[in-house]
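> Have a look at this one before I ask anything.
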Amino acid sequence: MTGERDLAVLLQNMEPVLNAGEYVFCTVENLSEIPDTDKVLFFFRETEAVTVVLKKETANEWRMIYSYIASWITLNIHSSLEAVGLTAAFANALKQENISCNVVAAYFHDHIFIAKEDAEKAMKALHALKMV
């Protein structure tokens, strides 16, 4: 099961879901600094440090530093990692509303992190994109 590749099908059938909670991006030198990796939503190793994304309350509990509080939207459609244009389409729709987005393409779904205060406006823009 490799997911949908057709952009028209992806746009027409995607179901944006606003996940509950607030999420933050933090950095650590290595994963051994994380008390419980099961609480990490995802991590990415960069040259400078390891970026970890987790719930804000977990970051507070672990006394981690963050500056950006995000809402997390999942596009509920199994998009192929080889699909062309989906990221550009929703990024452009969000750009039209002056909403910055941080995107994670996982195996089954695309995930969008946007500033907490833009969550409702982003959901409207994504639902409008389905109508195109």
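Identifiers in this document derive from the order of the structure tokens: chains are assigned A, B, ..., residues are numbered from 1 separately in each chain, and ligands are numbered from 1 in order of occurrence.
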Per DSSP on the backbone, filter stretch 15-125 of chain A down to the residues in strand (DSSP E) and report them as an MDAnalysis selection string.
chainID A and resid 16:18 23:28 40:45 50:55 69:75 102:105 110:115
> Would you kindly return, as a PyMOL selection string, each protein, DNA or RNA residue with an atom no farther than 12 Å from any atom of A:Phe44, considering only C-alpha atoms and excluding same-chain residues fewer than 5 positions away?
chain A and resi 25-31+49-53+104
> Keeping only all heavy atoms, write the selected residues as an mmCIF file, in the first residue's frame.

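That gives us again.cif:
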```cif
data_model
loop_
_atom_site.group_PDB
_atom_site.id
_atom_site.type_symbol
_atom_site.label_atom_id
_atom_site.label_comp_id
_atom_site.auth_asym_id
_atom_site.auth_seq_id
_atom_site.Cartn_x
_atom_site.Cartn_y
_atom_site.Cartn_z
ATOM 1 N N PHE A 25 8.503 22.946 19.248
ATOM 2 C CA PHE A 25 9.746 22.457 18.659
ATOM 3 C C PHE A 25 10.872 22.818 19.631
ATOM 4 O O PHE A 25 11.009 23.990 20.002
ATOM 5 C CB PHE A 25 10.006 23.140 17.315
ATOM 6 C CG PHE A 25 9.094 22.706 16.206
ATOM 7 C CD1 PHE A 25 7.730 22.949 16.260
ATOM 8 C CD2 PHE A 25 9.612 22.065 15.090
ATOM 9 C CE1 PHE A 25 6.886 22.555 15.227
ATOM 10 C CE2 PHE A 25 8.778 21.672 14.049
ATOM 11 C CZ PHE A 25 7.418 21.920 14.120
ATOM 12 N N CYS A 26 11.653 21.828 20.056
ATOM 13 C CA CYS A 26 12.772 22.036 20.972
ATOM 14 C C CYS A 26 14.010 21.372 20.379
ATOM 15 O O CYS A 26 13.906 20.604 19.416
ATOM 16 C CB CYS A 26 12.479 21.401 22.333
ATOM 17 S SG CYS A 26 10.959 21.967 23.115
ATOM 18 N N THR A 27 15.162 21.666 20.954
ATOM 19 C CA THR A 27 16.387 21.004 20.504
ATOM 20 C C THR A 27 17.122 20.402 21.687
ATOM 21 O O THR A 27 17.037 20.894 22.818
ATOM 22 C CB THR A 27 17.341 21.968 19.765
ATOM 23 O OG1 THR A 27 17.721 23.012 20.656
ATOM 24 C CG2 THR A 27 16.696 22.538 18.518
ATOM 25 N N VAL A 28 17.828 19.310 21.412
ATOM 26 C CA VAL A 28 18.717 18.659 22.373
ATOM 27 C C VAL A 28 19.981 18.253 21.629
ATOM 28 O O VAL A 28 19.974 18.124 20.397
ATOM 29 C CB VAL A 28 18.066 17.412 23.029
ATOM 30 C CG1 VAL A 28 16.866 17.799 23.875
ATOM 31 C CG2 VAL A 28 17.654 16.381 21.988
ATOM 32 N N GLU A 29 21.042 18.062 22.362
ATOM 33 C CA GLU A 29 22.298 17.615 21.734
ATOM 34 C C GLU A 29 22.182 16.171 21.258
ATOM 35 O O GLU A 29 22.671 15.820 20.189
ATOM 36 C CB GLU A 29 23.473 17.759 22.709
ATOM 37 C CG GLU A 29 23.848 19.200 22.975
ATOM 38 C CD GLU A 29 24.316 19.924 21.727
ATOM 39 O OE1 GLU A 29 25.132 19.363 20.966
ATOM 40 O OE2 GLU A 29 23.848 21.063 21.502
ATOM 41 N N ASN A 30 21.538 15.324 22.063
ATOM 42 C CA ASN A 30 21.310 13.934 21.652
ATOM 43 C C ASN A 30 20.079 13.397 22.366
ATOM 44 O O ASN A 30 19.611 13.970 23.357
ATOM 45 C CB ASN A 30 22.549 13.059 21.891
ATOM 46 C CG ASN A 30 22.967 13.057 23.336
ATOM 47 O OD1 ASN A 30 22.222 12.601 24.190
ATOM 48 N ND2 ASN A 30 24.153 13.584 23.613
ATOM 49 N N LEU A 31 19.558 12.298 21.886
ATOM 50 C CA LEU A 31 18.296 11.768 22.407
ATOM 51 C C LEU A 31 18.399 11.238 23.833
ATOM 52 O O LEU A 31 17.380 11.067 24.497
ATOM 53 C CB LEU A 31 17.765 10.677 21.474
ATOM 54 C CG LEU A 31 17.261 11.187 20.125
ATOM 55 C CD1 LEU A 31 16.814 10.030 19.246
ATOM 56 C CD2 LEU A 31 16.130 12.178 20.311
ATOM 57 N N ALA A 49 21.919 20.103 15.990
ATOM 58 C CA ALA A 49 21.290 19.484 17.162
ATOM 59 C C ALA A 49 20.168 18.560 16.684
ATOM 60 O O ALA A 49 19.898 18.467 15.492
ATOM 61 C CB ALA A 49 20.735 20.556 18.096
ATOM 62 N N VAL A 50 19.495 17.932 17.638
ATOM 63 C CA VAL A 50 18.328 17.108 17.343
ATOM 64 C C VAL A 50 17.086 17.944 17.650
ATOM 65 O O VAL A 50 16.926 18.457 18.766
ATOM 66 C CB VAL A 50 18.314 15.817 18.183
ATOM 67 C CG1 VAL A 50 17.066 15.000 17.887
ATOM 68 C CG2 VAL A 50 19.571 14.996 17.929
ATOM 69 N N THR A 51 16.227 18.123 16.651
ATOM 70 C CA THR A 51 14.950 18.804 16.860
ATOM 71 C C THR A 51 13.950 17.764 17.338
ATOM 72 O O THR A 51 13.834 16.686 16.741
ATOM 73 C CB THR A 51 14.451 19.439 15.547
ATOM 74 O OG1 THR A 51 15.391 20.426 15.127
ATOM 75 C CG2 THR A 51 13.081 20.070 15.721
ATOM 76 N N VAL A 52 13.235 18.089 18.405
ATOM 77 C CA VAL A 52 12.168 17.217 18.900
ATOM 78 C C VAL A 52 10.875 18.021 18.937
ATOM 79 O O VAL A 52 10.885 19.211 19.254
ATOM 80 C CB VAL A 52 12.481 16.624 20.297
ATOM 81 C CG1 VAL A 52 13.636 15.664 20.233
ATOM 82 C CG2 VAL A 52 12.724 17.695 21.323
ATOM 83 N N VAL A 53 9.785 17.375 18.586
ATOM 84 C CA VAL A 53 8.471 18.005 18.652
ATOM 85 C C VAL A 53 7.641 17.198 19.634
ATOM 86 O O VAL A 53 7.576 15.965 19.540
ATOM 87 C CB VAL A 53 7.800 18.071 17.268
ATOM 88 C CG1 VAL A 53 6.390 18.633 17.373
ATOM 89 C CG2 VAL A 53 8.640 18.916 16.325
ATOM 90 N N VAL A 104 5.483 18.026 7.869
ATOM 91 C CA VAL A 104 6.128 16.733 8.049
ATOM 92 C C VAL A 104 5.372 15.741 7.174
ATOM 93 O O VAL A 104 4.161 15.561 7.344
ATOM 94 C CB VAL A 104 6.078 16.259 9.520
ATOM 95 C CG1 VAL A 104 6.673 14.867 9.652
ATOM 96 C CG2 VAL A 104 6.804 17.244 10.411
#
```
> Would you pick out the contacts of A:Gln12 at 8 Å or less, using only C-alpha atoms, so that residues sharing its chain but fewer than 3 positions from it are not included, and give the list as a PyMOL selection string?
chain A and resi 8-9+130-132
> With a distance cut-off of 12 Å and only C-alpha atoms, select the neighbouring residues of A:Asn13, excluding the residue or stretch itself and same-chain residues fewer than 5 positions from it, and output the selection as a list in words.
Glu4, Asp6, Leu7, Ala8, Leu75, Asn76, Ile77, His78, Ser79, Leu86, Leu126, His127, Leu129, Lys130, Met131 and Val132 of chain A
> Output N, CA and C atoms for every residue in that selection, as a PDB file, in the first residue's frame.

```pdb
ATOM      1  N   GLU A   4      -1.981   7.351  -2.307  1.00  0.00           N
ATOM      2  CA  GLU A   4      -2.520   8.019  -3.490  1.00  0.00           C
ATOM      3  C   GLU A   4      -1.494   8.981  -4.074  1.00  0.00           C
ATOM      4  N   ASP A   6      -2.408  10.804  -7.246  1.00  0.00           N
ATOM      5  CA  ASP A   6      -3.132  11.756  -8.082  1.00  0.00           C
ATOM      6  C   ASP A   6      -3.518  12.988  -7.255  1.00  0.00           C
ATOM      7  N   LEU A   7      -3.010  14.151  -7.649  1.00  0.00           N
ATOM      8  CA  LEU A   7      -3.233  15.376  -6.893  1.00  0.00           C
ATOM      9  C   LEU A   7      -4.714  15.719  -6.786  1.00  0.00           C
ATOM     10  N   ALA A   8      -5.458  15.584  -7.858  1.00  0.00           N
ATOM     11  CA  ALA A   8      -6.890  15.912  -7.822  1.00  0.00           C
ATOM     12  C   ALA A   8      -7.618  15.031  -6.806  1.00  0.00           C
ATOM     13  N   LEU A  75      -3.584  15.739   7.578  1.00  0.00           N
ATOM     14  CA  LEU A  75      -4.402  15.545   6.380  1.00  0.00           C
ATOM     15  C   LEU A  75      -4.705  14.055   6.287  1.00  0.00           C
ATOM     16  N   ASN A  76      -5.923  13.699   6.634  1.00  0.00           N
ATOM     17  CA  ASN A  76      -6.295  12.288   6.660  1.00  0.00           C
ATOM     18  C   ASN A  76      -6.620  11.781   5.262  1.00  0.00           C
ATOM     19  N   ILE A  77      -5.569  11.472   4.554  1.00  0.00           N
ATOM     20  CA  ILE A  77      -5.632  10.716   3.307  1.00  0.00           C
ATOM     21  C   ILE A  77      -4.250  10.110   3.155  1.00  0.00           C
ATOM     22  N   HIS A  78      -4.206   8.860   2.765  1.00  0.00           N
ATOM     23  CA  HIS A  78      -2.903   8.198   2.624  1.00  0.00           C
ATOM     24  C   HIS A  78      -2.254   8.665   1.322  1.00  0.00           C
ATOM     25  N   SER A  79      -1.425   9.693   1.455  1.00  0.00           N
ATOM     26  CA  SER A  79      -0.727  10.238   0.289  1.00  0.00           C
ATOM     27  C   SER A  79       0.580   9.498   0.079  1.00  0.00           C
ATOM     28  N   LEU A  86       0.986  18.109  -3.692  1.00  0.00           N
ATOM     29  CA  LEU A  86       0.118  18.263  -2.523  1.00  0.00           C
ATOM     30  C   LEU A  86       0.670  19.304  -1.559  1.00  0.00           C
ATOM     31  N   LEU A 126      -7.871  25.059   4.317  1.00  0.00           N
ATOM     32  CA  LEU A 126      -7.688  23.685   3.838  1.00  0.00           C
ATOM     33  C   LEU A 126      -9.010  23.087   3.362  1.00  0.00           C
ATOM     34  N   HIS A 127     -10.096  23.366   4.066  1.00  0.00           N
ATOM     35  CA  HIS A 127     -11.406  22.876   3.619  1.00  0.00           C
ATOM     36  C   HIS A 127     -11.795  23.540   2.294  1.00  0.00           C
ATOM     37  N   LEU A 129      -9.779  24.463  -0.006  1.00  0.00           N
ATOM     38  CA  LEU A 129      -8.939  23.849  -1.033  1.00  0.00           C
ATOM     39  C   LEU A 129      -9.581  22.589  -1.600  1.00  0.00           C
ATOM     40  N   LYS A 130     -10.355  21.886  -0.788  1.00  0.00           N
ATOM     41  CA  LYS A 130     -11.056  20.685  -1.247  1.00  0.00           C
ATOM     42  C   LYS A 130     -12.109  20.998  -2.299  1.00  0.00           C
ATOM     43  N   MET A 131     -12.600  22.220  -2.281  1.00  0.00           N
ATOM     44  CA  MET A 131     -13.678  22.605  -3.193  1.00  0.00           C
ATOM     45  C   MET A 131     -13.182  23.007  -4.566  1.00  0.00           C
ATOM     46  N   VAL A 132     -11.876  23.197  -4.708  1.00  0.00           N
ATOM     47  CA  VAL A 132     -11.295  23.671  -5.981  1.00  0.00           C
ATOM     48  C   VAL A 132     -11.369  22.589  -7.023  1.00  0.00           C
TER      49      VAL A 132
END
```
> Near A:Lys56, counting only C-alpha atoms, which residues have an atom at most 6 Å away, once you skip same-chain residues fewer than 3 positions from it, shown as a tab-separated table (two decimals) with N, CA and C atoms, in the first residue's frame?

```tsv
chain	number	residue	atom	x	y	z
A	22	GLU	N	-1.36	21.60	22.21
A	22	GLU	CA	-0.39	22.58	21.73
A	22	GLU	C	0.95	21.85	21.63
A	23	TYR	N	1.70	22.16	20.57
A	23	TYR	CA	2.95	21.46	20.27
A	23	TYR	C	4.09	22.45	20.14
A	24	VAL	N	5.28	22.01	20.52
A	24	VAL	CA	6.45	22.88	20.47
A	24	VAL	C	7.63	22.15	19.84
A	59	ALA	N	7.07	19.48	27.32
A	59	ALA	CA	8.25	20.35	27.27
A	59	ALA	C	8.37	21.15	28.57
```
> Which one of A:Glu33, A:Pro16, A:Ala83, A:Asn60 sits closest to A:Met123 if you count only C-alpha atoms?
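Of all the options, A:Pro16 lies closest to A:Met123.
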> Tell me which protein, DNA and RNA residues are within 12 Å of A:Thr87, counting only C-alpha atoms, leaving out same-chain ones fewer than 3 positions away, and put them as a ChimeraX atom specification.
/A:7,10-11,75,79-84,90-95,101-105,109-112,126
> Under the rule of at most 12 Å, produce a per-residue listing of stretch 36-105 of chain A near stretch 115-120 of chain A: chain, number, name, the closest pair of atoms, and the distance in Å, as JSON lines, using only C-alpha atoms.

```
{"residue": "A:Lys56", "atom": "CA", "partner": "A:Lys116", "partner_atom": "CA", "distance": 11.5}
{"residue": "A:Ser67", "atom": "CA", "partner": "A:Ala115", "partner_atom": "CA", "distance": 10.9}
{"residue": "A:Tyr68", "atom": "CA", "partner": "A:Ala115", "partner_atom": "CA", "distance": 7.3}
{"residue": "A:Ile69", "atom": "CA", "partner": "A:Lys116", "partner_atom": "CA", "distance": 6.0}
{"residue": "A:Ala70", "atom": "CA", "partner": "A:Ala115", "partner_atom": "CA", "distance": 4.5}
{"residue": "A:Ser71", "atom": "CA", "partner": "A:Lys116", "partner_atom": "CA", "distance": 4.8}
{"residue": "A:Trp72", "atom": "CA", "partner": "A:Ala119", "partner_atom": "CA", "distance": 8.2}
{"residue": "A:Ile73", "atom": "CA", "partner": "A:Ala119", "partner_atom": "CA", "distance": 8.2}
{"residue": "A:Thr74", "atom": "CA", "partner": "A:Ala119", "partner_atom": "CA", "distance": 11.9}
{"residue": "A:Leu94", "atom": "CA", "partner": "A:Asp118", "partner_atom": "CA", "distance": 9.7}
{"residue": "A:Lys95", "atom": "CA", "partner": "A:Asp118", "partner_atom": "CA", "distance": 11.7}
{"residue": "A:Glu97", "atom": "CA", "partner": "A:Asp118", "partner_atom": "CA", "distance": 9.3}
{"residue": "A:Asn98", "atom": "CA", "partner": "A:Asp118", "partner_atom": "CA", "distance": 9.2}
{"residue": "A:Ile99", "atom": "CA", "partner": "A:Asp118", "partner_atom": "CA", "distance": 6.7}
{"residue": "A:Ser100", "atom": "CA", "partner": "A:Ala115", "partner_atom": "CA", "distance": 7.3}
{"residue": "A:Cys101", "atom": "CA", "partner": "A:Ala115", "partner_atom": "CA", "distance": 7.8}
{"residue": "A:Asn102", "atom": "CA", "partner": "A:Ala115", "partner_atom": "CA", "distance": 9.3}
```
> Could you save the residues just selected, with N, CA, C and O atoms, as a JSON list (two decimals), in the first residue's frame?

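Just written: out_19.json:
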```json
[["chain", "number", "residue", "atom", "x", "y", "z"],
["A", 56, "LYS", "N", 3.32, 20.70, 24.44],
["A", 56, "LYS", "CA", 3.84, 21.81, 25.23],
["A", 56, "LYS", "C", 3.95, 21.46, 26.70],
["A", 56, "LYS", "O", 4.95, 21.78, 27.36],
["A", 67, "SER", "N", 10.12, 28.50, 21.56],
["A", 67, "SER", "CA", 9.66, 29.86, 21.28],
["A", 67, "SER", "C", 8.43, 29.87, 20.38],
["A", 67, "SER", "O", 7.83, 30.93, 20.17],
["A", 68, "TYR", "N", 8.04, 28.73, 19.88],
["A", 68, "TYR", "CA", 6.96, 28.65, 18.89],
["A", 68, "TYR", "C", 5.94, 27.64, 19.41],
["A", 68, "TYR", "O", 6.29, 26.48, 19.66],
["A", 69, "ILE", "N", 4.70, 28.08, 19.60],
["A", 69, "ILE", "CA", 3.64, 27.18, 20.03],
["A", 69, "ILE", "C", 2.74, 26.93, 18.83],
["A", 69, "ILE", "O", 2.21, 27.87, 18.22],
["A", 70, "ALA", "N", 2.60, 25.66, 18.48],
["A", 70, "ALA", "CA", 1.91, 25.29, 17.24],
["A", 70, "ALA", "C", 0.66, 24.46, 17.51],
["A", 70, "ALA", "O", 0.54, 23.78, 18.53],
["A", 71, "SER", "N", -0.23, 24.52, 16.53],
["A", 71, "SER", "CA", -1.31, 23.56, 16.42],
["A", 71, "SER", "C", -0.90, 22.58, 15.34],
["A", 71, "SER", "O", -0.10, 22.89, 14.45],
["A", 72, "TRP", "N", -1.44, 21.37, 15.43],
["A", 72, "TRP", "CA", -1.06, 20.29, 14.52],
["A", 72, "TRP", "C", -2.28, 19.83, 13.74],
["A", 72, "TRP", "O", -3.28, 19.43, 14.31],
["A", 73, "ILE", "N", -2.18, 19.93, 12.42],
["A", 73, "ILE", "CA", -3.25, 19.48, 11.52],
["A", 73, "ILE", "C", -2.74, 18.26, 10.75],
["A", 73, "ILE", "O", -1.65, 18.29, 10.18],
["A", 74, "THR", "N", -3.53, 17.20, 10.75],
["A", 74, "THR", "CA", -3.23, 16.00, 9.97],
["A", 74, "THR", "C", -4.15, 15.97, 8.76],
["A", 74, "THR", "O", -5.36, 16.18, 8.90],
["A", 94, "LEU", "N", -2.41, 28.19, 2.32],
["A", 94, "LEU", "CA", -2.11, 28.82, 3.61],
["A", 94, "LEU", "C", -1.39, 30.16, 3.41],
["A", 94, "LEU", "O", -1.64, 31.12, 4.14],
["A", 95, "LYS", "N", -0.53, 30.22, 2.40],
["A", 95, "LYS", "CA", 0.18, 31.47, 2.09],
["A", 95, "LYS", "C", -0.82, 32.57, 1.75],
["A", 95, "LYS", "O", -0.65, 33.72, 2.17],
["A", 97, "GLU", "N", -3.52, 33.10, 3.02],
["A", 97, "GLU", "CA", -4.08, 33.58, 4.29],
["A", 97, "GLU", "C", -3.00, 34.10, 5.23],
["A", 97, "GLU", "O", -3.26, 34.38, 6.40],
["A", 98, "ASN", "N", -1.77, 34.21, 4.70],
["A", 98, "ASN", "CA", -0.61, 34.69, 5.48],
["A", 98, "ASN", "C", -0.32, 33.79, 6.68],
["A", 98, "ASN", "O", -0.03, 34.28, 7.78],
["A", 99, "ILE", "N", -0.41, 32.48, 6.45],
["A", 99, "ILE", "CA", -0.16, 31.49, 7.51],
["A", 99, "ILE", "C", 1.10, 30.71, 7.17],
["A", 99, "ILE", "O", 1.20, 30.08, 6.11],
["A", 100, "SER", "N", 2.06, 30.76, 8.06],
["A", 100, "SER", "CA", 3.28, 29.98, 7.93],
["A", 100, "SER", "C", 2.98, 28.53, 8.29],
["A", 100, "SER", "O", 2.15, 28.26, 9.17],
["A", 101, "CYS", "N", 3.62, 27.60, 7.59],
["A", 101, "CYS", "CA", 3.42, 26.19, 7.93],
["A", 101, "CYS", "C", 4.74, 25.44, 7.95],
["A", 101, "CYS", "O", 5.65, 25.74, 7.19],
["A", 102, "ASN", "N", 4.82, 24.51, 8.87],
["A", 102, "ASN", "CA", 5.94, 23.59, 8.98],
["A", 102, "ASN", "C", 5.38, 22.21, 8.71],
["A", 102, "ASN", "O", 4.45, 21.77, 9.39]]
```
> Would you please give, as a PyMOL selection string, all residues of chain A that DSSP assigns to helix (DSSP H, G or I) based on the backbone?
chain A and resi 7-13+31-33+37-39+56-61+86-96+116-130
> Under the rule that only C-alpha atoms are counted, which of A:Ile114, A:Lys55, A:Lys39, A:Thr2 is the nearest residue to A:Ala20?
A:Lys55
